[in-house]
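Shown below: structure_19.cif, with mmCIF, C-alpha atoms and all ligand atoms.
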```
data_query
loop_
_atom_site.label_atom_id
_atom_site.label_comp_id
_atom_site.auth_asym_id
_atom_site.auth_seq_id
_atom_site.Cartn_x
_atom_site.Cartn_y
_atom_site.Cartn_z
CA MET A 439 0.00 0.00 0.00
CA PRO A 440 1.41 3.46 -0.89
CA ARG A 441 2.11 5.66 2.09
CA HIS A 442 2.26 9.45 2.43
CA ASP A 443 2.94 11.74 5.36
CA VAL A 444 -0.24 13.67 4.57
CA VAL A 445 -3.30 12.80 2.48
CA ILE A 446 -5.55 15.75 1.60
CA VAL A 447 -9.13 14.88 0.69
CA GLY A 448 -10.28 17.34 -2.00
CA GLY A 449 -8.07 19.27 -4.39
CA GLY A 450 -10.10 22.47 -4.72
CA ILE A 451 -8.55 25.80 -3.79
CA VAL A 452 -8.40 24.96 -0.07
CA GLY A 453 -6.89 21.47 -0.44
CA SER A 454 -4.42 22.73 -3.04
CA ALA A 455 -3.42 25.64 -0.78
CA VAL A 456 -2.78 23.19 2.07
CA ALA A 457 -0.60 21.09 -0.28
CA TYR A 458 1.35 24.15 -1.44
CA PHE A 459 2.03 25.44 2.08
CA LEU A 460 3.02 21.98 3.36
CA LYS A 461 5.60 21.67 0.58
CA THR A 462 6.80 25.22 1.22
CA LEU A 463 7.07 24.89 5.00
CA ALA A 464 8.60 21.40 4.94
CA PRO A 465 9.93 20.53 1.47
CA ALA A 466 10.69 16.92 2.46
CA ILE A 467 7.13 16.19 3.51
CA ASP A 468 5.34 13.65 1.36
CA VAL A 469 1.89 14.93 0.30
CA ALA A 470 -0.91 13.32 -1.73
CA VAL A 471 -4.08 15.15 -2.74
CA VAL A 472 -7.05 12.93 -3.63
CA GLU A 473 -9.32 14.75 -6.11
CA PRO A 474 -11.79 12.84 -8.30
CA ASP A 475 -12.40 15.54 -10.90
CA ARG A 476 -9.55 17.41 -12.55
CA THR A 477 -12.13 19.57 -14.39
CA TYR A 478 -13.68 20.71 -11.07
CA GLU A 479 -17.11 20.69 -12.72
CA PHE A 480 -19.14 20.87 -9.51
CA ALA A 481 -16.49 22.21 -7.15
CA SER A 482 -17.30 25.56 -5.57
CA THR A 483 -14.05 27.28 -6.49
CA PRO A 484 -14.57 27.84 -10.24
CA ARG A 485 -18.13 29.03 -9.57
CA ALA A 486 -17.08 31.72 -7.10
CA SER A 487 -17.20 35.44 -7.67
CA GLY A 488 -13.59 36.03 -6.68
CA GLY A 489 -14.06 38.70 -4.03
CA ALA A 490 -11.39 39.20 -1.36
CA ARG A 491 -11.93 41.67 1.46
CA ARG A 492 -10.76 42.67 4.89
CA GLN A 493 -14.19 43.85 6.07
CA PHE A 494 -14.87 41.40 8.90
CA SER A 495 -15.48 41.74 12.63
CA CYS A 496 -13.61 38.67 13.96
CA PRO A 497 -9.88 39.43 14.28
CA GLU A 498 -9.07 35.97 12.92
CA ASN A 499 -10.90 36.71 9.66
CA ILE A 500 -9.29 40.14 9.33
CA GLU A 501 -5.86 38.62 9.93
CA MET A 502 -6.51 35.84 7.44
CA SER A 503 -7.40 38.50 4.86
CA ASN A 504 -4.32 40.54 5.79
CA PHE A 505 -2.20 37.55 4.82
CA SER A 506 -4.30 36.18 1.95
CA ILE A 507 -4.92 39.35 -0.05
CA PRO A 508 -1.28 40.38 -0.43
CA PHE A 509 -0.55 36.72 -1.23
CA ILE A 510 -3.19 36.74 -3.99
CA GLU A 511 -1.89 40.10 -5.22
CA THR A 512 1.55 38.65 -5.90
CA ALA A 513 0.46 35.07 -6.64
CA ASP A 514 1.27 35.31 -10.34
CA GLU A 515 4.96 35.43 -9.41
CA THR A 516 4.86 33.36 -6.19
CA LEU A 517 3.09 30.46 -7.88
CA ALA A 518 5.08 30.64 -11.14
CA VAL A 519 6.48 27.33 -12.34
CA ASP A 520 9.63 27.27 -14.48
CA GLY A 521 9.23 30.97 -15.21
CA GLU A 522 5.60 30.57 -16.31
CA ARG A 523 3.43 32.86 -14.23
CA ALA A 524 0.07 31.95 -12.73
CA HIS A 525 -3.00 33.82 -14.03
CA VAL A 526 -4.75 35.14 -10.97
CA GLU A 527 -5.84 38.46 -12.52
CA TRP A 528 -6.00 40.38 -9.26
CA ARG A 529 -7.87 43.67 -9.43
CA ARG A 530 -7.59 46.07 -6.53
CA GLY A 531 -11.07 47.52 -7.01
CA GLY A 532 -11.90 47.96 -3.31
CA TYR A 533 -14.95 46.91 -1.28
CA LEU A 534 -17.84 49.05 -0.11
CA PHE A 535 -20.28 47.98 2.62
CA ILE A 536 -23.40 50.14 2.90
CA VAL A 537 -25.90 50.03 5.77
CA GLY A 538 -29.00 51.66 7.16
CA PRO A 539 -29.10 53.57 10.49
CA GLU A 540 -29.82 50.43 12.55
CA HIS A 541 -26.47 48.87 11.52
CA LEU A 542 -24.31 51.97 11.50
CA GLY A 543 -22.85 51.30 14.95
CA ILE A 544 -21.77 47.77 14.02
CA LEU A 545 -20.25 48.98 10.77
CA ARG A 546 -18.24 51.68 12.59
CA ASP A 547 -17.10 49.23 15.28
CA ASN A 548 -16.05 46.72 12.64
CA ALA A 549 -14.10 49.39 10.76
CA GLU A 550 -12.37 50.36 14.01
CA GLU A 551 -11.40 46.73 14.58
CA GLN A 552 -10.12 46.49 11.01
CA ARG A 553 -8.05 49.66 11.42
CA SER A 554 -6.53 48.26 14.61
CA HIS A 555 -5.23 45.44 12.38
CA GLY A 556 -3.66 47.91 9.96
CA VAL A 557 -6.49 47.93 7.40
CA ARG A 558 -7.26 51.10 5.43
CA ALA A 559 -11.00 51.33 6.17
CA GLU A 560 -12.60 54.67 5.45
CA PHE A 561 -16.01 55.60 6.87
CA LEU A 562 -18.24 57.50 4.43
CA ASP A 563 -21.35 59.34 5.59
CA ARG A 564 -24.20 60.05 3.16
CA ASP A 565 -22.42 63.11 1.72
CA GLY A 566 -19.24 61.14 1.35
CA LEU A 567 -21.07 58.31 -0.41
CA ASN A 568 -22.87 60.75 -2.69
CA ALA A 569 -19.66 62.51 -3.64
CA ARG A 570 -17.83 59.25 -4.39
CA PHE A 571 -20.68 57.19 -5.88
CA PRO A 572 -23.22 59.64 -7.35
CA SER A 573 -25.20 56.83 -9.06
CA MET A 574 -26.20 55.36 -5.72
CA ASN A 575 -29.68 55.96 -4.34
CA LEU A 576 -29.14 56.75 -0.66
CA ASP A 577 -32.71 56.11 0.53
CA GLY A 578 -32.44 54.09 3.72
CA ILE A 579 -28.64 54.30 3.74
CA ALA A 580 -26.86 55.95 6.66
CA GLY A 581 -23.25 55.32 5.72
CA GLY A 582 -20.67 52.96 4.36
CA VAL A 583 -17.13 51.72 4.78
CA HIS A 584 -14.74 51.64 1.86
CA THR A 585 -11.63 49.45 1.93
CA PRO A 586 -9.69 50.48 -1.18
CA ASP A 587 -7.02 47.76 -0.92
CA ASP A 588 -9.53 44.90 -1.26
CA GLY A 589 -10.60 43.52 -4.62
CA TRP A 590 -11.22 40.40 -6.64
CA CYS A 591 -9.48 37.84 -8.80
CA ASP A 592 -10.09 34.80 -10.99
CA PRO A 593 -10.75 31.87 -8.60
CA THR A 594 -9.86 29.27 -11.25
CA GLY A 595 -6.56 31.03 -11.90
CA LEU A 596 -5.71 30.92 -8.19
CA LEU A 597 -6.78 27.27 -7.82
CA GLN A 598 -4.74 26.19 -10.86
CA GLY A 599 -1.80 28.27 -9.63
CA PHE A 600 -1.79 26.48 -6.25
CA ARG A 601 -2.27 23.09 -7.91
CA ARG A 602 0.49 23.51 -10.47
CA LYS A 603 2.93 24.93 -7.93
CA ALA A 604 2.16 22.23 -5.34
CA ARG A 605 2.80 19.55 -7.98
CA SER A 606 6.03 21.21 -9.08
CA LEU A 607 7.18 21.06 -5.44
CA GLY A 608 6.44 17.32 -5.31
CA ALA A 609 2.81 16.98 -4.14
CA VAL A 610 1.05 14.09 -5.90
CA TYR A 611 -2.55 14.46 -7.18
CA VAL A 612 -4.41 11.14 -7.17
CA GLU A 613 -7.47 11.12 -9.46
CA ASP A 614 -9.82 9.12 -7.25
CA ARG A 615 -12.52 9.52 -4.63
CA VAL A 616 -12.18 8.82 -0.90
CA VAL A 617 -14.91 6.36 0.14
CA ALA A 618 -13.70 5.37 3.62
CA ILE A 619 -11.12 6.37 6.21
CA ASP A 620 -9.28 3.79 8.31
CA HIS A 621 -8.97 4.67 11.99
CA ASP A 622 -8.58 2.81 15.24
CA GLY A 623 -10.34 5.14 17.66
CA THR A 624 -7.20 7.11 18.56
CA ALA A 625 -5.80 8.01 15.15
CA VAL A 626 -6.55 7.83 11.43
CA ARG A 627 -4.37 5.41 9.47
CA GLY A 628 -5.21 6.19 5.86
CA VAL A 629 -7.91 6.41 3.21
CA ARG A 630 -9.71 3.97 0.94
CA LEU A 631 -10.53 4.97 -2.61
CA ALA A 632 -13.36 4.27 -5.06
CA SER A 633 -10.89 2.48 -7.36
CA GLY A 634 -10.26 -0.09 -4.60
CA ASP A 635 -6.81 1.34 -3.83
CA ALA A 636 -5.83 2.48 -0.36
CA ILE A 637 -3.29 5.02 0.88
CA ALA A 638 -1.72 4.94 4.34
CA ALA A 639 -1.10 8.32 5.95
CA ASP A 640 0.18 9.95 9.14
CA HIS A 641 -2.28 12.81 8.72
CA VAL A 642 -5.55 13.16 6.82
CA VAL A 643 -6.93 16.60 5.94
CA ASN A 644 -10.60 17.04 5.13
CA ALA A 645 -10.69 19.78 2.48
CA ALA A 646 -13.74 18.49 0.61
CA GLY A 647 -15.66 21.78 0.62
CA ALA A 648 -19.43 21.22 0.43
CA TRP A 649 -18.74 17.46 0.74
CA ALA A 650 -16.79 17.88 4.01
CA LYS A 651 -19.56 16.45 6.18
CA GLU A 652 -19.55 13.20 4.15
CA ILE A 653 -15.82 12.84 4.77
CA ALA A 654 -16.15 13.63 8.49
CA THR A 655 -18.93 11.05 8.82
CA MET A 656 -16.41 8.41 7.68
CA VAL A 657 -14.63 8.82 11.03
CA GLY A 658 -17.77 9.48 13.09
CA MET A 659 -17.10 13.20 13.44
CA PRO A 660 -20.22 15.40 13.55
CA LEU A 661 -19.52 18.36 11.28
CA PRO A 662 -22.09 21.14 10.87
CA ILE A 663 -21.23 21.98 7.26
CA GLU A 664 -23.99 21.83 4.65
CA PRO A 665 -24.18 22.56 0.92
CA LEU A 666 -26.07 25.80 0.27
CA ARG A 667 -26.95 26.65 -3.33
CA ARG A 668 -26.24 30.19 -4.42
CA PHE A 669 -26.64 31.87 -7.82
CA GLU A 670 -24.16 34.15 -9.48
CA HIS A 671 -25.24 36.37 -12.38
CA TYR A 672 -23.44 38.29 -15.10
CA PHE A 673 -25.39 41.39 -16.14
CA GLU A 674 -24.94 44.52 -18.21
CA THR A 675 -26.59 47.91 -18.34
CA PRO A 676 -26.58 50.46 -21.17
CA ASN A 677 -26.45 53.30 -18.61
CA ALA A 678 -23.16 54.83 -17.52
CA ILE A 679 -22.09 54.32 -13.89
CA GLU A 680 -18.93 55.57 -12.22
CA PRO A 681 -16.31 52.85 -11.49
CA LEU A 682 -17.68 50.79 -8.61
CA PRO A 683 -15.91 48.68 -6.01
CA TYR A 684 -17.33 45.33 -4.82
CA VAL A 685 -20.59 46.58 -3.25
CA LYS A 686 -22.39 44.76 -0.42
CA ASP A 687 -25.49 45.74 1.50
CA MET A 688 -27.58 44.42 4.36
CA ALA A 689 -29.98 42.65 1.98
CA ARG A 690 -26.96 40.49 1.06
CA LEU A 691 -26.84 42.04 -2.40
CA ALA A 692 -23.22 41.76 -3.56
CA PHE A 693 -21.78 42.67 -6.96
CA ARG A 694 -18.71 43.99 -8.69
CA PRO A 695 -17.60 45.13 -12.13
CA GLU A 696 -16.70 42.35 -14.58
CA GLY A 697 -15.57 43.14 -18.12
CA ARG A 698 -18.22 45.29 -19.81
CA GLY A 699 -20.76 44.45 -17.11
CA TYR A 700 -21.08 43.19 -13.56
CA SER A 701 -21.01 39.91 -11.68
CA GLY A 702 -22.95 39.35 -8.49
CA GLY A 703 -25.90 37.90 -6.66
CA LEU A 704 -28.01 37.91 -3.55
CA VAL A 705 -27.66 35.02 -1.11
CA ASP A 706 -30.87 33.38 0.08
CA GLY A 707 -29.93 32.04 3.52
CA ASP A 708 -33.26 30.17 3.70
CA GLU A 709 -32.44 28.08 0.64
CA PRO A 710 -32.93 24.38 1.52
CA ARG A 711 -29.58 22.70 2.12
CA GLY A 712 -28.47 20.01 -0.32
CA PHE A 713 -26.59 19.20 -3.52
CA ASN A 714 -28.82 21.14 -5.87
CA PHE A 715 -27.26 22.73 -8.97
CA ASP A 716 -30.53 23.59 -10.75
CA VAL A 717 -30.62 27.15 -12.04
CA ASP A 718 -33.68 29.26 -11.33
CA HIS A 719 -33.64 31.61 -14.31
CA ASP A 720 -36.29 33.86 -12.75
CA TYR A 721 -34.25 34.50 -9.60
CA PHE A 722 -32.43 37.49 -11.07
CA GLU A 723 -35.61 39.17 -12.26
CA ARG A 724 -37.53 38.36 -9.08
CA VAL A 725 -34.96 38.98 -6.35
CA VAL A 726 -31.70 40.50 -7.57
CA TRP A 727 -32.92 43.05 -10.08
CA PRO A 728 -35.30 44.86 -7.67
CA ALA A 729 -32.52 45.17 -5.08
CA LEU A 730 -30.06 46.41 -7.70
CA ALA A 731 -32.44 48.89 -9.31
CA LEU A 732 -33.45 50.26 -5.91
CA ARG A 733 -29.85 50.96 -4.95
CA PHE A 734 -28.57 52.03 -8.39
CA PRO A 735 -31.39 53.29 -10.67
CA ALA A 736 -28.98 52.92 -13.61
CA PHE A 737 -29.59 49.17 -13.31
CA GLU A 738 -33.30 49.54 -14.05
CA ALA A 739 -32.40 48.87 -17.67
CA CYS A 740 -29.94 46.08 -16.96
CA ARG A 741 -30.05 42.66 -18.63
CA CYS A 742 -28.95 39.41 -17.07
CA LYS A 743 -26.82 37.57 -19.64
CA ARG A 744 -25.95 34.47 -17.64
CA THR A 745 -26.85 32.78 -14.35
CA TRP A 746 -24.99 29.88 -12.80
CA SER A 747 -25.31 27.98 -9.54
CA GLY A 748 -22.70 26.84 -7.05
CA LEU A 749 -22.49 25.61 -3.51
CA TYR A 750 -21.43 27.44 -0.38
CA GLU A 751 -20.00 25.05 2.20
CA GLN A 752 -22.14 26.64 4.88
CA SER A 753 -21.04 26.43 8.50
CA GLU A 754 -24.38 25.98 10.24
CA LEU A 755 -22.96 26.66 13.70
CA ASP A 756 -22.02 30.28 13.10
CA GLY A 757 -21.06 31.00 9.47
CA ASN A 758 -17.35 30.91 10.31
CA PRO A 759 -14.90 28.26 9.05
CA ILE A 760 -13.73 25.28 11.07
CA ILE A 761 -9.95 25.06 10.92
CA GLY A 762 -8.05 22.55 13.03
CA ASN A 763 -7.77 18.96 14.17
CA TRP A 764 -10.10 16.73 16.19
CA ALA A 765 -7.91 17.10 19.26
CA ASP A 766 -10.06 14.99 21.62
CA ARG A 767 -10.54 11.92 19.44
CA LEU A 768 -8.41 11.74 16.28
CA PRO A 769 -5.67 14.36 16.57
CA ASN A 770 -4.21 13.52 13.16
CA PHE A 771 -7.53 14.20 11.41
CA HIS A 772 -7.81 17.83 10.32
CA VAL A 773 -10.71 19.86 8.99
CA VAL A 774 -10.46 23.01 6.91
CA GLY A 775 -13.91 23.98 5.67
CA GLY A 776 -17.21 25.70 6.27
CA PHE A 777 -16.03 29.02 4.85
CA SER A 778 -19.61 30.03 4.06
CA GLY A 779 -18.78 32.21 1.07
CA HIS A 780 -15.19 33.18 1.97
CA GLY A 781 -13.18 30.10 1.06
CA MET A 782 -11.45 31.53 -1.96
CA MET A 783 -10.23 34.66 -0.20
CA HIS A 784 -9.11 32.78 2.91
CA ALA A 785 -7.59 29.73 1.21
CA PRO A 786 -4.00 31.04 1.45
CA ALA A 787 -4.19 31.74 5.20
CA ALA A 788 -6.18 28.60 5.99
CA GLY A 789 -3.85 26.45 3.90
CA ARG A 790 -0.85 27.87 5.72
CA ALA A 791 -2.56 27.36 9.10
CA ILE A 792 -3.18 23.64 8.51
CA ALA A 793 0.38 23.25 7.22
CA GLU A 794 1.65 24.83 10.47
CA LEU A 795 -0.47 22.50 12.59
CA ILE A 796 0.91 19.46 10.81
CA VAL A 797 4.54 20.59 10.57
CA HIS A 798 4.92 22.44 13.90
CA GLY A 799 2.03 21.01 15.92
CA ARG A 800 0.59 24.51 16.48
CA PHE A 801 -0.33 27.74 14.70
CA THR A 802 2.84 29.78 14.38
CA THR A 803 1.60 32.86 12.52
CA ILE A 804 -2.11 33.62 12.99
CA ASP A 805 -3.67 32.05 16.09
CA LEU A 806 -6.82 30.40 14.76
CA ALA A 807 -7.64 28.46 17.93
CA ARG A 808 -11.05 30.16 18.19
CA LEU A 809 -11.96 28.83 14.75
CA GLY A 810 -11.10 25.26 15.76
CA TYR A 811 -13.36 22.24 16.16
CA ARG A 812 -13.63 22.72 19.93
CA ARG A 813 -16.37 25.32 19.52
CA VAL A 814 -18.41 22.68 17.66
CA VAL A 815 -17.92 20.19 20.50
CA GLU A 816 -18.88 22.85 23.04
CA ASN A 817 -21.68 24.23 20.86
CA ALA A 818 -20.18 27.69 21.31
CA PRO A 819 -20.84 29.70 18.13
CA TYR A 820 -18.32 32.42 17.23
CA PRO A 821 -20.15 34.46 14.55
CA GLU A 822 -19.22 37.48 12.49
CA ARG A 823 -21.03 40.69 13.40
CA GLY A 824 -22.61 42.73 10.63
CA ILE A 825 -22.73 41.90 6.96
CA VAL A 826 -21.70 38.34 6.07
C1 LIG B 1 -21.70 31.61 -6.41
C2 LIG B 1 -20.57 31.62 -5.43
C3 LIG B 1 -19.85 32.78 -5.21
C4 LIG B 1 -18.79 32.80 -4.32
N1 LIG B 1 -18.07 33.95 -4.16
C5 LIG B 1 -17.00 33.95 -3.35
C6 LIG B 1 -16.19 35.12 -3.22
O1 LIG B 1 -16.48 36.16 -3.82
N2 LIG B 1 -15.10 35.06 -2.41
C7 LIG B 1 -14.76 33.94 -1.73
O2 LIG B 1 -13.77 33.94 -1.00
N3 LIG B 1 -15.50 32.81 -1.83
C8 LIG B 1 -16.60 32.79 -2.61
N4 LIG B 1 -17.37 31.66 -2.71
C9 LIG B 1 -17.04 30.52 -1.85
C10 LIG B 1 -15.89 29.71 -2.42
O3 LIG B 1 -16.20 29.32 -3.72
C11 LIG B 1 -15.65 28.49 -1.54
O4 LIG B 1 -15.60 28.86 -0.18
C12 LIG B 1 -14.33 27.81 -1.90
O5 LIG B 1 -14.25 27.61 -3.29
C13 LIG B 1 -14.19 26.48 -1.18
O6 LIG B 1 -13.06 25.82 -1.68
P1 LIG B 1 -12.85 24.28 -1.38
O7 LIG B 1 -11.54 23.89 -1.97
O8 LIG B 1 -13.07 24.02 0.06
O9 LIG B 1 -14.08 23.57 -2.12
P2 LIG B 1 -14.22 23.04 -3.62
O10 LIG B 1 -13.67 24.00 -4.61
O11 LIG B 1 -15.64 22.61 -3.78
O12 LIG B 1 -13.28 21.77 -3.61
C14 LIG B 1 -13.64 20.61 -2.89
C15 LIG B 1 -13.19 19.42 -3.69
O13 LIG B 1 -13.44 18.22 -2.93
C16 LIG B 1 -13.63 17.19 -3.86
N5 LIG B 1 -14.26 16.05 -3.21
C17 LIG B 1 -15.56 15.92 -2.84
N6 LIG B 1 -15.78 14.69 -2.32
C18 LIG B 1 -14.59 14.04 -2.34
C19 LIG B 1 -14.16 12.74 -1.94
N7 LIG B 1 -15.02 11.84 -1.42
N8 LIG B 1 -12.88 12.38 -2.14
C20 LIG B 1 -11.99 13.27 -2.65
N9 LIG B 1 -12.34 14.53 -3.04
C21 LIG B 1 -13.62 14.90 -2.89
C22 LIG B 1 -14.49 17.83 -4.93
O14 LIG B 1 -14.38 17.12 -6.17
C23 LIG B 1 -13.95 19.25 -5.00
O15 LIG B 1 -13.07 19.43 -6.08
C24 LIG B 1 -18.43 31.62 -3.60
C25 LIG B 1 -19.15 30.44 -3.82
C26 LIG B 1 -20.21 30.44 -4.73
C27 LIG B 1 -20.97 29.16 -4.95
#
```
Before anything else, please render the file you have as structure tokens.
Ligand SMILES: Cc1cc2nc3c(=O)[nH]c(=O)nc-3n(C[C@H](O)[C@H](O)[C@H](O)COP(=O)(O)OP(=O)(O)OC[C@H]3O[C@@H](n4cnc5c(N)ncnc54)[C@H](O)[C@@H]3O)c2cc1C
Amino acid sequence: MPRHDVVIVGGGIVGSAVAYFLKTLAPAIDVAVVEPDRTYEFASTPRASGGARRQFSCPENIEMSNFSIPFIETADETLAVDGERAHVEWRRGGYLFIVGPEHLGILRDNAEEQRSHGVRAEFLDRDGLNARFPSMNLDGIAGGVHTPDDGWCDPTGLLQGFRRKARSLGAVYVEDRVVAIDHDGTAVRGVRLASGDAIAADHVVNAAGAWAKEIATMVGMPLPIEPLRRFEHYFETPNAIEPLPYVKDMARLAFRPEGRGYSGGLVDGDEPRGFNFDVDHDYFERVVWPALALRFPAFEACRCKRTWSGLYEQSELDGNPIIGNWADRLPNFHVVGGFSGHGMMHAPAAGRAIAELIVHGRFTTIDLARLGYRRVVENAPYPERGIV
């Protein structure tokens, strides 16, 4: 039976980031990534919108962004292989959160927290918003926070960059599916594959995204991560609008410029959980368009050109990721998932964190203990405050 120091289950952006950081932190470490689909047809990563922001309330999330965004910004060079650059297409377009009077206090507090972590977060009152974004209808809006150093990138470019670089450093991608995990009650011993093969391992990392709960179930670990369908739309308008950042509001409307148009959507948190990829072609007209046209009248004439679906790996406990090992039961079984819409932007920091846990036995850069599995065991949610 082949043996590896670490087997990573799932080779999406998170699993591939773990592989890359393991090989960077400890070049001699022997890493296999099990990924059944090299086209990533149903994986969340290629369906993502690509946004990366520092506007969070939890210090851990702000710190993860503070590492991940500069990493993404320079990933074309960092992830180059034999002189061939990656194609991450970072655009520093900024983020803008806008809120009504009832959420102004939270928004200000969050911005203060972000600034205490070195983030450029500028508060804009109604006059400030009007001066900067004259196309915006300010009815019901009390203020906003603009973080000009945030932006967006091509999620597929970042995933392929991590994958190619990890492989060039010696990580092996095994095209197969994990169907069982061997364990003896105190430790995991390896994985069994759909092909009938097996791989022995000193550590197993569950990076299976929306499928993470299935993998955890294989070792009897309760994991509150569920697939949540979400639509993304590409739309255009004939009307001129000033250059916009990635805009988010309290209705969970979120969109950004893309080519000649815009890409965005509006998350329905009440969507039934499950592996549903059906596209509701009326959703834009029914839900997104009214929210867009209300906030920016220039979108009254907009046309939706394409809608696609994808899955959030939703952390049902509190909307924050679960990053760490199962310390009480199977300490060499690690989870890195439940990013609930932020897995692309936080993949670099989360990948590095898991690599640190495996190589050093503890977090050595950002302390992510509060995002660990213990809070699931203790049923102690640690949610974000404000817009998610
Ligand atoms: C519409 C939409 C918009 C989004 N926008 C953003 C955004 O703007 N910014 C942001 O940061 N995030 C965004 N996200 C979230 C982001 O896409 C995810 O958080 C991120 O891609 C998760 O990466 P992952 O590697 O964990 O999962 P995935 O990319 O889904 O990878 C998981 C992999 O596990 C594999 N797998 C499954 N079962 C098994 C098994 N049994 N054995 C082996 N492998 C297995 C799958 O084949 C898959 O390739 C968005 C998501 C959606 C759907």
Contacts of ligand LIG 1 (chain B), 7 Å or closer, only C-alpha atoms and all ligand atoms, given as a CSV table (one decimal) with C-alpha atoms, in the coordinates of the input:
```
chain,number,residue,atom,x,y,z
A,447,VAL,CA,-9.1,14.9,0.7
A,448,GLY,CA,-10.3,17.3,-2.0
A,449,GLY,CA,-8.1,19.3,-4.4
A,450,GLY,CA,-10.1,22.5,-4.7
A,451,ILE,CA,-8.6,25.8,-3.8
A,452,VAL,CA,-8.4,25.0,-0.1
A,453,GLY,CA,-6.9,21.5,-0.4
A,472,VAL,CA,-7.0,12.9,-3.6
A,473,GLU,CA,-9.3,14.8,-6.1
A,474,PRO,CA,-11.8,12.8,-8.3
A,475,ASP,CA,-12.4,15.5,-10.9
A,478,TYR,CA,-13.7,20.7,-11.1
A,480,PHE,CA,-19.1,20.9,-9.5
A,481,ALA,CA,-16.5,22.2,-7.2
A,482,SER,CA,-17.3,25.6,-5.6
A,483,THR,CA,-14.0,27.3,-6.5
A,484,PRO,CA,-14.6,27.8,-10.2
A,485,ARG,CA,-18.1,29.0,-9.6
A,486,ALA,CA,-17.1,31.7,-7.1
A,487,SER,CA,-17.2,35.4,-7.7
A,488,GLY,CA,-13.6,36.0,-6.7
A,489,GLY,CA,-14.1,38.7,-4.0
A,490,ALA,CA,-11.4,39.2,-1.4
A,614,ASP,CA,-9.8,9.1,-7.2
A,615,ARG,CA,-12.5,9.5,-4.6
A,616,VAL,CA,-12.2,8.8,-0.9
A,617,VAL,CA,-14.9,6.4,0.1
A,645,ALA,CA,-10.7,19.8,2.5
A,646,ALA,CA,-13.7,18.5,0.6
A,647,GLY,CA,-15.7,21.8,0.6
A,648,ALA,CA,-19.4,21.2,0.4
A,649,TRP,CA,-18.7,17.5,0.7
A,653,ILE,CA,-15.8,12.8,4.8
A,667,ARG,CA,-27.0,26.6,-3.3
A,668,ARG,CA,-26.2,30.2,-4.4
A,669,PHE,CA,-26.6,31.9,-7.8
A,670,GLU,CA,-24.2,34.2,-9.5
A,747,SER,CA,-25.3,28.0,-9.5
A,748,GLY,CA,-22.7,26.8,-7.0
A,749,LEU,CA,-22.5,25.6,-3.5
A,750,TYR,CA,-21.4,27.4,-0.4
A,751,GLU,CA,-20.0,25.0,2.2
A,775,GLY,CA,-13.9,24.0,5.7
A,777,PHE,CA,-16.0,29.0,4.8
A,778,SER,CA,-19.6,30.0,4.1
A,779,GLY,CA,-18.8,32.2,1.1
A,780,HIS,CA,-15.2,33.2,2.0
A,781,GLY,CA,-13.2,30.1,1.1
A,782,MET,CA,-11.4,31.5,-2.0
A,783,MET,CA,-10.2,34.7,-0.2
A,784,HIS,CA,-9.1,32.8,2.9
```
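With all atoms listed in the file as the basis for measurement, A:Ser495 is the residue among A:Gln752, A:Asn714, A:Thr624, A:Ser495 that approaches Glu550 of chain A most closely.
Going from atom CA of Tyr458 of chain A to atom CA of Val814 of chain A covers 27.5 Å.
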Practice item. Skip Met502 of chain A itself and residues of its chain fewer than 3 positions away, then list as a list in words all residues within 8 Å of it, counting only C-alpha atoms. Key: Glu498, Asn499, Phe505, Ser506, His784, Ala787, Ala788 and Ile804 of chain A
Please produce a file of those selected residues containing C-alpha atoms, as an mmCIF file, in the coordinates of the input.
```cif
data_model
loop_
_atom_site.group_PDB
_atom_site.id
_atom_site.type_symbol
_atom_site.label_atom_id
_atom_site.label_comp_id
_atom_site.auth_asym_id
_atom_site.auth_seq_id
_atom_site.Cartn_x
_atom_site.Cartn_y
_atom_site.Cartn_z
ATOM 1 C CA GLU A 498 -9.070 35.970 12.920
ATOM 2 C CA ASN A 499 -10.900 36.710 9.660
ATOM 3 C CA PHE A 505 -2.200 37.550 4.820
ATOM 4 C CA SER A 506 -4.300 36.180 1.950
ATOM 5 C CA HIS A 784 -9.110 32.780 2.910
ATOM 6 C CA ALA A 787 -4.190 31.740 5.200
ATOM 7 C CA ALA A 788 -6.180 28.600 5.990
ATOM 8 C CA ILE A 804 -2.110 33.620 12.990
#
```
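Of the residues listed (A:Val557, A:Ala470, A:Ile761, A:Met688), A:Ile761 shows the shortest atom-to-atom separation from Arg790 of chain A; distances use only C-alpha atoms.
Of the listed residues A:Ala549, A:Leu768, A:Ala650, A:Cys591, the one whose atoms come nearest to Glu664 of chain A is A:Ala650, with distances taken using only C-alpha atoms.
Among the candidates A:Leu576, A:Pro497, A:Val537, A:Ile510, the residue lying nearest to Gly595 of chain A is A:Ile510 (atoms considered: all atoms listed in the file).
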Review point. List as a PyMOL selection string: which residues have an atom within 9 Å of (10.9, 19.1, -4.7), counting only C-alpha atoms?
Key: chain A and resi 461+465-466+605-609
Review point. Atom CA of Asn770 of chain A to atom CA of Asn817 of chain A: how many Å, to one decimal?
Key: 21.9 Å
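If all atoms listed in the file are the atoms counted, then among A:Phe535, A:Phe509, A:Tyr820, A:Tyr611 the closest residue to Ala689 of chain A is A:Phe535.
Omitting segment 442-446 of chain A and its sequence neighbours fewer than 3 positions away, and counting only C-alpha atoms, the residues within 6 Å are Asp468, Val469, Ala470, Val471, Ala639, Asp640, His641, Val642 and Val643 of chain A.
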Check your understanding: Between atom CA of Ala455 of chain A and atom CA of Pro508 of chain A, what is the spacing in Å?
Key -> 14.9 Å
